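To keep things clear, I will list the structure first and then write my remarks on it.
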Amino acid sequence: ATIQWFPGHMAKAIRQLEENLHVVDIVFELVDARIPDASRNPEIERLIKDKPHLMILTKSDLADPAQTKNWIAHFKAMGLPAIAVDSKANITTKTVTKIAQSILGDKLAAEQQKGLKERPIRAITVGIPNVGKSTLLNRLVNKRVAQVGDTPGVTKGQQWLRSSSKLSLLDTPGILWPKFEDEETGQKLALTGAIKDKRFASDDVALFALHFFRETYPEALPERYKLSDADLDLSDVDLLLAITKKIGMKDDYDRASERLIQDTRKAKLGRYTLDRMDGDRND
Ligand code: G4P
């Protein structure tokens, strides 16, 4: 479920993030590796100001590896350390701890020089709904944490969860709203499952997907839906109709659209990145 973000929800999310920033050393900002731009909260830089900051590209198992590499290079070139994770695999704790330590190196060293006791780094995960905050948190602390809702909740009674002797995380992630900038951003969010309500008609999202895959990954559709060369000359709309017949749904192209969206979300059309990042731009 995804809620509409009213101004009241946004104000509450901001307030909560501001409170939490006082108690953490570093912010883990999560974006979806398939849409590193569309899944970024539009205000994030302004909200977290100069707080040390690690960008974590989630669901990298679903994204195009070459594009993920370009995005990481891009963020690094902007002065923002970045890593990609697959929270369903078993890798992240050590890597994340190490990077957090290297980002905070000077601050931690200064504390110890002042004679303060060594302590775990305190971090919070922040991002839009469905970006993978709970999944990553569970992976990092190695236990099941209560699922968070889509709206900012009460901050009272927050706890620190121990990831390792060197890293602790706030048990409640920071939930921020997605971009509502334009139709295309919305369709990217809908196609990847960041937005699951019916704000976007499934046939529009399916046509967006068709068009994208034809242009960017031309093998994907023919392989998945056994399309002929003649099919590939069709317009997007006619191709959607052809696929509807191919998968045995006659003329029910609403259902076929849903199928195409589900197939895309599960990477059954292959791994893909909707937000494109040119490899050479920042080298
Ligand atoms: P949130 O707390 O930020 O709202 O997100 P959450 O962790 O609940 O994750 C949303 C969905 O994304 C979950 O799927 C979760 O399994 C999936 N997910 C999170 N991280 C990864 C990852 O690194 N790789 C892959 N492949 N999937 C990931 P779900 O519970 O099945 O829900 P849905 O599929 O119906 O959205």
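In the structure tokens, chains take the letters A, B, ... in the order shown, each chain's residues start at 1, and ligands count up from 1 in the order shown.
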| task | List every residue of region 27-195 of chain A that DSSP, applied to the backbone of this structure, places in strand (DSSP E or B), and write the result as number ranges by chain. | result | A: 27-32, 53-58, 82-84, 121-127, 160-164, 167-170, 174-175
Using only C-alpha atoms and all ligand atoms, find each residue of chain A with at least one atom at most 10 Å away from an atom of ligand 1; report its shortest atom-to-atom pair and that distance in Å (one decimal), sort the rows by chain and rising residue number, and return the result as a tab-separated table.
```
residue	atom	partner	partner_atom_place_in_ligand_line	distance
A:Ala1	CA	ligand 1	35 (O)	9.1
A:Thr2	CA	ligand 1	4 (O)	9.4
A:Leu30	CA	ligand 1	3 (O)	8.2
A:Val31	CA	ligand 1	3 (O)	9.3
A:Asp32	CA	ligand 1	23 (O)	8.7
A:Ala33	CA	ligand 1	23 (O)	9.0
A:Leu57	CA	ligand 1	23 (O)	8.5
A:Thr58	CA	ligand 1	23 (O)	4.9
A:Lys59	CA	ligand 1	23 (O)	3.4
A:Ser60	CA	ligand 1	23 (O)	6.0
A:Asp61	CA	ligand 1	24 (N)	5.7
A:Leu62	CA	ligand 1	26 (N)	5.9
A:Ala63	CA	ligand 1	26 (N)	9.2
A:Ala84	CA	ligand 1	23 (O)	8.8
A:Val85	CA	ligand 1	23 (O)	5.9
A:Asp86	CA	ligand 1	23 (O)	3.5
A:Ser87	CA	ligand 1	23 (O)	3.7
A:Lys88	CA	ligand 1	23 (O)	5.3
A:Ala89	CA	ligand 1	23 (O)	7.5
A:Thr125	CA	ligand 1	3 (O)	9.0
A:Val126	CA	ligand 1	3 (O)	8.2
A:Gly127	CA	ligand 1	3 (O)	6.5
A:Ile128	CA	ligand 1	3 (O)	6.3
A:Pro129	CA	ligand 1	4 (O)	4.1
A:Asn130	CA	ligand 1	4 (O)	3.4
A:Val131	CA	ligand 1	3 (O)	4.1
A:Gly132	CA	ligand 1	7 (O)	3.3
A:Lys133	CA	ligand 1	3 (O)	3.6
A:Ser134	CA	ligand 1	7 (O)	3.7
A:Thr135	CA	ligand 1	7 (O)	3.7
A:Leu136	CA	ligand 1	20 (N)	6.3
A:Leu137	CA	ligand 1	7 (O)	7.8
A:Asn138	CA	ligand 1	7 (O)	8.3
A:Arg139	CA	ligand 1	20 (N)	9.5
A:Ala146	CA	ligand 1	2 (O)	9.7
A:Gln147	CA	ligand 1	2 (O)	6.8
A:Val148	CA	ligand 1	2 (O)	6.1
A:Gly149	CA	ligand 1	4 (O)	7.1
A:Asp150	CA	ligand 1	4 (O)	6.4
A:Thr151	CA	ligand 1	4 (O)	9.7
A:Thr172	CA	ligand 1	2 (O)	9.5
A:Pro173	CA	ligand 1	2 (O)	7.5
A:Gly174	CA	ligand 1	3 (O)	9.1
A:Ile175	CA	ligand 1	3 (O)	7.6
A:Leu176	CA	ligand 1	3 (O)	9.7
A:Thr192	CA	ligand 1	36 (O)	8.7
A:Gly193	CA	ligand 1	36 (O)	6.0
A:Ala194	CA	ligand 1	36 (O)	7.5
A:Ile195	CA	ligand 1	36 (O)	9.2
A:Lys196	CA	ligand 1	36 (O)	8.3
A:Gln262	CA	ligand 1	34 (O)	9.4
A:Arg265	CA	ligand 1	34 (O)	8.0
A:Lys266	CA	ligand 1	26 (N)	7.6
A:Ala267	CA	ligand 1	26 (N)	8.7
```
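Using only C-alpha atoms, the shortest contact distance between Ser39 (chain A) and any of A:Ser228, A:Thr92, A:Ser165, A:Gln187 is found at A:Gln187.
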| said: Ranking A:Asp25, A:Asp204, A:Asp236, A:Glu258 by minimum distance to Leu108 (chain A) and counting only C-alpha atoms, which one comes first? | reply: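 Distance minimum relative to Leu108 (chain A) lands on A:Asp25.
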| query | So which one's closest to Glu184 (chain A), A:Leu232, A:Ile35, A:Ala82, A:Leu240? Using only C-alpha atoms, please. | reply | A:Ile35
| field | Ile72 (chain A) environment, 10 Å, only C-alpha atoms, sequence neighbours closer than 2 positions dropped, as a list in words | value | Ala33, Pro36, Met55, Ile56, Leu57, Gln67, Thr68, Lys69, Asn70, His74, Phe75, Lys76, Ala77, Met78, Leu80, Pro81, Ala82, Ile83, Ala84 and Met277 of chain A
| task | In Å, rounded to a single decimal, give me how far CA of Tyr272 (chain A) is from CA of Phe28 (chain A). | result |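 Those two atoms sit 23.5 Å apart.
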| Distance CA of Thr93 (chain A)-CA of Gln113 (chain A), one decimal place? | 26.9 Å
| field | Distance criterion (only C-alpha atoms): nearest to Lys198 (chain A) out of A:Leu21, A:Lys245, A:Leu210, A:Gly186 | value |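 When distances to Lys198 (chain A) are compared using only C-alpha atoms, the smallest one comes from A:Gly186.
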Could you pull out the alpha helix (DSSP H) residues of region 7-180 of chain A from DSSP and send them as an mmCIF file with C-alpha atoms, in the first residue's frame?
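Listed below is the output, states_20.cif:
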```
data_model
loop_
_atom_site.group_PDB
_atom_site.id
_atom_site.type_symbol
_atom_site.label_atom_id
_atom_site.label_comp_id
_atom_site.auth_asym_id
_atom_site.auth_seq_id
_atom_site.Cartn_x
_atom_site.Cartn_y
_atom_site.Cartn_z
ATOM 1 C CA PRO A 7 1.571 18.361 3.407
ATOM 2 C CA GLY A 8 0.919 17.184 6.987
ATOM 3 C CA HIS A 9 2.651 13.867 6.332
ATOM 4 C CA MET A 10 5.618 15.643 4.816
ATOM 5 C CA ALA A 11 5.919 18.051 7.719
ATOM 6 C CA LYS A 12 5.845 15.134 10.121
ATOM 7 C CA ALA A 13 8.473 13.226 8.140
ATOM 8 C CA ILE A 14 10.745 16.260 8.138
ATOM 9 C CA ARG A 15 10.281 16.840 11.853
ATOM 10 C CA GLN A 16 11.071 13.247 12.629
ATOM 11 C CA LEU A 17 14.145 13.164 10.453
ATOM 12 C CA GLU A 18 15.398 16.352 12.068
ATOM 13 C CA GLU A 19 14.969 14.810 15.544
ATOM 14 C CA ASN A 20 16.761 11.664 14.487
ATOM 15 C CA LEU A 21 19.642 13.529 12.900
ATOM 16 C CA ILE A 44 17.055 14.886 0.847
ATOM 17 C CA GLU A 45 20.231 16.920 0.402
ATOM 18 C CA ARG A 46 18.671 19.946 2.017
ATOM 19 C CA LEU A 47 17.174 17.872 4.855
ATOM 20 C CA ILE A 48 20.315 16.105 5.946
ATOM 21 C CA PRO A 65 25.173 -4.044 -13.442
ATOM 22 C CA ALA A 66 26.896 -1.714 -15.934
ATOM 23 C CA GLN A 67 24.449 1.069 -15.085
ATOM 24 C CA THR A 68 24.872 0.488 -11.350
ATOM 25 C CA LYS A 69 28.600 0.908 -11.791
ATOM 26 C CA ASN A 70 28.043 4.197 -13.635
ATOM 27 C CA TRP A 71 25.690 5.465 -10.939
ATOM 28 C CA ILE A 72 28.138 4.652 -8.160
ATOM 29 C CA ALA A 73 30.868 6.498 -10.046
ATOM 30 C CA HIS A 74 28.484 9.393 -10.566
ATOM 31 C CA PHE A 75 27.609 9.711 -6.869
ATOM 32 C CA LYS A 76 31.267 9.411 -5.888
ATOM 33 C CA ALA A 77 32.163 12.142 -8.354
ATOM 34 C CA THR A 92 26.093 -6.458 3.608
ATOM 35 C CA THR A 93 27.000 -6.063 7.305
ATOM 36 C CA LYS A 94 30.789 -6.114 7.048
ATOM 37 C CA THR A 95 30.860 -3.973 3.931
ATOM 38 C CA VAL A 96 28.493 -1.370 5.298
ATOM 39 C CA THR A 97 30.293 -1.213 8.663
ATOM 40 C CA LYS A 98 33.667 -0.750 6.981
ATOM 41 C CA ILE A 99 32.458 2.036 4.719
ATOM 42 C CA ALA A 100 30.713 3.833 7.573
ATOM 43 C CA GLN A 101 33.973 3.626 9.540
ATOM 44 C CA SER A 102 35.973 5.055 6.687
ATOM 45 C CA ILE A 103 33.498 7.913 6.184
ATOM 46 C CA LEU A 104 33.592 8.769 9.898
ATOM 47 C CA GLY A 105 37.280 8.037 10.357
ATOM 48 C CA ASP A 106 38.363 11.515 11.450
ATOM 49 C CA LYS A 107 35.422 12.099 13.746
ATOM 50 C CA LEU A 108 35.922 8.791 15.562
ATOM 51 C CA ALA A 109 39.678 9.330 15.858
ATOM 52 C CA ALA A 110 39.112 12.808 17.281
ATOM 53 C CA GLU A 111 36.739 11.412 19.908
ATOM 54 C CA GLN A 112 39.231 8.848 21.029
ATOM 55 C CA GLN A 113 41.993 11.387 21.214
ATOM 56 C CA LYS A 133 14.612 -0.040 4.283
ATOM 57 C CA SER A 134 13.174 -2.829 6.480
ATOM 58 C CA THR A 135 14.807 -5.576 4.457
ATOM 59 C CA LEU A 136 18.240 -3.977 4.721
ATOM 60 C CA LEU A 137 17.750 -3.207 8.401
ATOM 61 C CA ASN A 138 16.801 -6.841 9.079
ATOM 62 C CA ARG A 139 19.825 -7.999 7.152
ATOM 63 C CA LEU A 140 22.171 -5.643 8.980
ATOM 64 C CA VAL A 141 20.933 -6.484 12.468
#
```
| query | Hey, what's within 9 Å of Asp203 (chain A) if we count only C-alpha atoms and toss same-chain stuff fewer than 6 positions away? As an MDAnalysis selection string, please? | reply | chainID A and resid 240 253:258
| Minimum-distance residue to Ile243 (chain A), chosen among A:Phe180, A:Tyr225, A:Thr216, A:Ala230 (using only C-alpha atoms) |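 Between A:Phe180, A:Tyr225, A:Thr216, A:Ala230, the residue approaching Ile243 (chain A) most closely is A:Tyr225.
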| For Val237 (chain A), which residue out of A:Lys114, A:Arg34, A:His211, A:His22 is the nearest one, using only C-alpha atoms? |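 The shortest atom-to-atom distance to Val237 (chain A) comes from A:His211.
For the pair CA of Glu43 (chain A) and CA of Gly279 (chain A), the separation is 25.8 Å.
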| message | Need the shell around Lys179 (chain A): protein/DNA/RNA residues with any atom at most 8 Å away, counting only C-alpha atoms. Skip same-chain ones fewer than 2 positions apart. Format as a list in words? | response |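 The filter keeps Ala38, Ser39, Arg40, Asn41, Pro42, Trp177, Glu181, Thr185 and Gly186 of chain A.
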Okay, now the selection with N, CA and C atoms, as a PDB file, in the first residue's frame?
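Contents of the output file again13.pdb:
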```pdb
ATOM      1  N   ALA A  38      14.842   8.740  -9.799  1.00  0.00           N
ATOM      2  CA  ALA A  38      13.398   8.820  -9.522  1.00  0.00           C
ATOM      3  C   ALA A  38      13.056   8.409  -8.090  1.00  0.00           C
ATOM      4  N   SER A  39      13.867   7.537  -7.476  1.00  0.00           N
ATOM      5  CA  SER A  39      13.540   7.075  -6.126  1.00  0.00           C
ATOM      6  C   SER A  39      14.203   7.907  -5.032  1.00  0.00           C
ATOM      7  N   ARG A  40      14.869   8.986  -5.431  1.00  0.00           N
ATOM      8  CA  ARG A  40      15.483   9.871  -4.424  1.00  0.00           C
ATOM      9  C   ARG A  40      14.460  10.875  -3.951  1.00  0.00           C
ATOM     10  N   ASN A  41      14.370  11.050  -2.656  1.00  0.00           N
ATOM     11  CA  ASN A  41      13.511  12.114  -2.151  1.00  0.00           C
ATOM     12  C   ASN A  41      14.018  13.457  -2.662  1.00  0.00           C
ATOM     13  N   PRO A  42      13.111  14.314  -3.150  1.00  0.00           N
ATOM     14  CA  PRO A  42      13.560  15.568  -3.782  1.00  0.00           C
ATOM     15  C   PRO A  42      14.262  16.541  -2.825  1.00  0.00           C
ATOM     16  N   TRP A 177       8.928  11.038   1.279  1.00  0.00           N
ATOM     17  CA  TRP A 177       8.034  10.943   0.121  1.00  0.00           C
ATOM     18  C   TRP A 177       8.840  10.878  -1.176  1.00  0.00           C
ATOM     19  N   GLU A 181       7.313  14.743  -9.627  1.00  0.00           N
ATOM     20  CA  GLU A 181       7.680  15.789 -10.577  1.00  0.00           C
ATOM     21  C   GLU A 181       6.932  15.760 -11.884  1.00  0.00           C
ATOM     22  N   THR A 185       8.511  10.207 -14.215  1.00  0.00           N
ATOM     23  CA  THR A 185       9.009   9.788 -12.907  1.00  0.00           C
ATOM     24  C   THR A 185       7.971   8.896 -12.230  1.00  0.00           C
ATOM     25  N   GLY A 186       6.705   9.297 -12.318  1.00  0.00           N
ATOM     26  CA  GLY A 186       5.622   8.503 -11.733  1.00  0.00           C
ATOM     27  C   GLY A 186       5.546   7.112 -12.344  1.00  0.00           C
TER      28      GLY A 186
END
```
